[in-house]
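Everything below concerns the one structure shown next.
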Amino acid sequence: MTPRLFAIALLPLSLAACSTVQNLPLMPGGDREETVEASNENIAIHGWRIVGDDILVVRVPSNGCTQKADLTVDVRQRRGETQVTIGRTRDDYCRALVPNGVEIPFGFEELGTRPGATVTVMNPILD
């Protein structure tokens, strides 16, 4: 078997292995130790914005598998302002290259606030 055919034969096996990576724990000294996270209750994010007057869009770090269900949202009303803190319920162990993270939308109704309200995300922002 030529090296080219051998590589083609191994391709499906190596791609199948990618689907199991997210369930593996991080190894000490692995390539994600430098990730900036305050804690699972208050993760560092890439940024956030308000779309229209009733959608909060948060750009969170991701390795390719982060979904809305993997995040927690703590909402507090303070001095006429809605303060939102984003956390994680499940780490993202995938290995895709997503340097700017993914955008996750939250409707103001989900947050328990009215359209047009003043909303501030309290998470630290990544550089």
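Ordering of the structure tokens sets the chain letters (A, B, ...), residue numbers begin anew at 1 in every chain, and ligands are numbered from 1 in the order given.
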
Alpha helix (DSSP H) residues, from DSSP on the backbone, in region 47-125 of chain A, as a ChimeraX atom specification: /A:108-111

Can I get the selection written as a JSON list (two decimals), in the first residue's frame, with C-alpha atoms?
[["chain", "number", "residue", "atom", "x", "y", "z"],
["A", 108, "PHE", "CA", -34.75, 40.32, 26.92],
["A", 109, "GLU", "CA", -37.85, 38.23, 27.67],
["A", 110, "GLU", "CA", -35.53, 35.31, 28.59],
["A", 111, "LEU", "CA", -33.65, 37.65, 30.90]]

Ile45 (chain A) environment, 7 Å, only C-alpha atoms, sequence neighbours closer than 4 positions dropped, as a list in words: Arg59, Val60, Pro61, Asn123, Pro124, Ile125 and Leu126 of chain A

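Across A:Asp54, A:Pro115, A:Lys68, A:Asn63, the tightest approach to Pro99 (chain A) is made by A:Asn63 when counting only C-alpha atoms.
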
Glu41 (chain A) surroundings by only C-alpha atoms, 9 Å radius, close-in-sequence under 6 positions cut, as a list in words: Thr72, Val73, Asp74, Thr85, Ile86, Gly87, Arg88 and Thr89 of chain A

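Between Gln67 (chain A) and the residues A:Gly47, A:Pro105, A:Ala96, A:Gly80, the shortest atom-to-atom distance, using only C-alpha atoms, involves A:Pro105.
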
Å distance separating CA of Asp53 (chain A) from CA of Asn100 (chain A), one decimal place: 24.4 Å
